[in-house]
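Novice: I'd like to ask you about the structure that follows.
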Amino acid sequence: MATPVLDKVGADSAASPYITVTFRVRRFNPELSAEATWEDFQLEIDPKERVLDGLHKIKWDLDGTLTFRRSCAHGICGSDAMRINGKNRLACKTLIKDINPEKPITVEPIKGLTVLKDLVVDMEPFFQAYRDVMPFLITKDTNEPTRERLQSAEDRERFDDTTKCILCAACTTSCPVFWNDGQYFGPAAIVNAHRFIFDSRDEAGEQRLEILNDKDGVWRCRTTFNCTDACPRVVEATKAAGGGEWALLRRRC
């Protein structure tokens, strides 16, 4: 007796979800040339996938020399900040369908930092500015506390927004002041200073204010809101740098 065979219905008969997309990637290899170039790659990809997935396809299937940073791939580590269609974004949070895949998708390194290779930049100046604002809790009591340092919900809410920073540098490298002068602390450092200046448990606010009172500190902010627009965590960086209570504190410097 013959075994009955079911007709194939479903995935095979359905239209393919894949589309053809062109990735236009800015390439730079100092071992080969002092000039950067653009290179196009055509991919078959589901538009619901992310730009990071497209970069993986290029690296794994088309050109293993393509260099970029990524780690968690879920918008937490901040490693894969890059300029996508002229705007700072995280590649792991940017869907193909949301950036007009009918035209070439341009991918290039974030601006204002030295490019080491392809999409990888030297983050040291960025992290140095972060370290300079002392981004850690400081108290005058040098002994270990005998109990938890308590804080009210209202006090915690005062700096809640600036705790969301993931140090991706998308805000700082979207700032025209930082592009023109890499000595500027930049919004990310100011945001992280804000986080501790307004922490009711911290006792080094005056020191941080003095640091940011430098000519390359908060006074350089021109409130263009580029940083706020670029932040993948929706931190109101411009507000932290130039508005509200912070503006009152700046006048004390």
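Lettering and numbering for the structure tokens are positional, with chains as A, B, ... in the shown order, residues counted from 1 in each chain, and ligands counted from 1 in the shown order.
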Determine, using only C-alpha atoms, which residues of segment 117-227 of chain A have any atom at most 10 Å from an atom of segment 233-241 of chain A, and tabulate each with its shortest atom pair and distance in Å to one decimal place, rows ordered by chain and then rising number, as CSV.
Specialist:
```
residue,atom,partner,partner_atom,distance
A:Phe159,CA,A:Ala240,CA,9.3
A:Asp160,CA,A:Val235,CA,9.7
A:Asp161,CA,A:Val235,CA,5.9
A:Thr162,CA,A:Val235,CA,6.3
A:Thr163,CA,A:Val235,CA,8.6
A:Lys164,CA,A:Arg233,CA,6.5
A:Cys165,CA,A:Arg233,CA,6.9
A:Ile166,CA,A:Arg233,CA,7.9
A:Cys168,CA,A:Arg233,CA,9.9
A:Cys171,CA,A:Ala237,CA,7.7
A:Thr172,CA,A:Ala237,CA,9.5
A:Gly186,CA,A:Ala241,CA,9.1
A:Pro187,CA,A:Ala237,CA,6.1
A:Ala188,CA,A:Ala237,CA,7.4
A:Ala189,CA,A:Ala241,CA,9.6
A:Ile190,CA,A:Ala241,CA,6.1
A:Val191,CA,A:Ala240,CA,5.9
A:Asn192,CA,A:Ala240,CA,9.3
A:Ala193,CA,A:Ala240,CA,9.3
A:His194,CA,A:Ala240,CA,6.6
A:Arg195,CA,A:Ala240,CA,9.0
A:Gly217,CA,A:Ala241,CA,9.6
A:Val218,CA,A:Ala241,CA,6.4
A:Trp219,CA,A:Ala241,CA,8.9
A:Arg220,CA,A:Ala241,CA,9.7
A:Cys221,CA,A:Ala241,CA,7.0
A:Arg222,CA,A:Thr238,CA,8.9
A:Thr223,CA,A:Thr238,CA,5.9
A:Thr224,CA,A:Thr238,CA,7.8
A:Phe225,CA,A:Thr238,CA,5.7
A:Asn226,CA,A:Thr238,CA,8.2
A:Cys227,CA,A:Ala237,CA,6.1
```
Novice: Now that the selection is made, can you save its residues with C-alpha atoms as a CSV table (one decimal), in the first residue's frame?
Specialist:
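The file below, selection15.csv, is the result:
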```
chain,number,residue,atom,x,y,z
A,159,PHE,CA,19.0,62.2,38.0
A,160,ASP,CA,17.1,59.2,36.7
A,161,ASP,CA,17.4,60.2,33.0
A,162,THR,CA,21.2,60.5,33.0
A,163,THR,CA,21.6,57.0,34.4
A,164,LYS,CA,20.5,55.5,31.0
A,165,CYS,CA,23.8,56.4,29.2
A,166,ILE,CA,25.5,53.4,27.6
A,168,CYS,CA,28.1,54.5,22.8
A,171,CYS,CA,25.7,61.9,21.2
A,172,THR,CA,29.2,63.3,21.5
A,186,GLY,CA,31.2,66.5,25.0
A,187,PRO,CA,27.6,65.6,26.0
A,188,ALA,CA,28.3,62.1,27.3
A,189,ALA,CA,30.9,63.2,29.8
A,190,ILE,CA,28.6,66.1,30.9
A,191,VAL,CA,25.6,63.7,31.2
A,192,ASN,CA,27.7,61.4,33.5
A,193,ALA,CA,28.9,64.3,35.6
A,194,HIS,CA,25.2,65.3,35.9
A,195,ARG,CA,24.3,61.8,37.1
A,217,GLY,CA,33.6,72.2,29.5
A,218,VAL,CA,29.9,73.0,29.7
A,219,TRP,CA,30.3,76.5,28.4
A,220,ARG,CA,31.1,75.1,24.9
A,221,CYS,CA,27.6,73.6,24.6
A,222,ARG,CA,25.6,75.5,21.9
A,223,THR,CA,22.3,73.6,22.5
A,224,THR,CA,21.8,72.4,18.9
A,225,PHE,CA,20.1,69.3,20.3
A,226,ASN,CA,22.0,67.0,17.9
A,227,CYS,CA,23.1,64.9,21.0
```
Novice: Within 12 Å of Glu154 of chain A, counting only C-alpha atoms, which residues qualify if same-chain residues fewer than 6 places away don't, as a list of chain:residue names?
Specialist: A:Asp160, A:Phe198, A:Asp199, A:Ser200
Novice: Which residues, written as a ChimeraX atom specification, have at least one atom at most 6 Å from Phe23 of chain A, with only C-alpha atoms counted and residues fewer than 4 positions away on the same chain left out?
Specialist: /A:40-41,104-105
Novice: Pick from A:Arg131, A:Arg26, A:Asn85, A:Ile96: nearest to Leu43 of chain A, with only C-alpha atoms counted?
Specialist: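 Among A:Arg131, A:Arg26, A:Asn85, A:Ile96, it is A:Ile96 that comes nearest to Leu43 of chain A.
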Novice: Pick out each residue of segment 44-173 of chain A that DSSP on the backbone tags as strand (DSSP E); I need them as a ChimeraX atom specification.
Specialist: /A:44-45,81-84,87-90,105-108,115-117,120-121
Novice: Please identify all polymer residues within 8 Å of Lys97 of chain A, counting only C-alpha atoms, omitting same-chain residues fewer than 4 positions from it, and present them as a VMD selection string.
Specialist: chain A and resid 47 to 49 101
Novice: Would you save the residues from that selection as a PDB file, in the first residue's frame, using C-alpha atoms?
Specialist:
```pdb
ATOM      1  CA  PRO A  47      13.686  44.029   5.703  1.00  0.00           C
ATOM      2  CA  LYS A  48      12.730  43.228   9.315  1.00  0.00           C
ATOM      3  CA  GLU A  49      16.377  42.420  10.026  1.00  0.00           C
ATOM      4  CA  PRO A 101      15.966  50.090   1.622  1.00  0.00           C
TER       5      PRO A 101
END
```
Novice: Just how far from atom CA of Ser16 of chain A is atom CA of Ala73 of chain A, in Å to one decimal?
Specialist: 25.5 Å
Novice: Choose the residue, out of A:Glu44, A:Glu102, A:Glu39, A:Asp229, that has the smallest atom-to-atom separation from Thr173 of chain A; count only C-alpha atoms.
Specialist: A:Asp229
Novice: Show which residues sit within 12 Å of segment 55-60 of chain A, as a PyMOL selection string. Count only C-alpha atoms, and ignore same-chain residues fewer than 4 positions away.
Specialist: chain A and resi 21-25+39-46+49-51+64-70+73+80+82+84+91-92+94+96+105-108+118-119
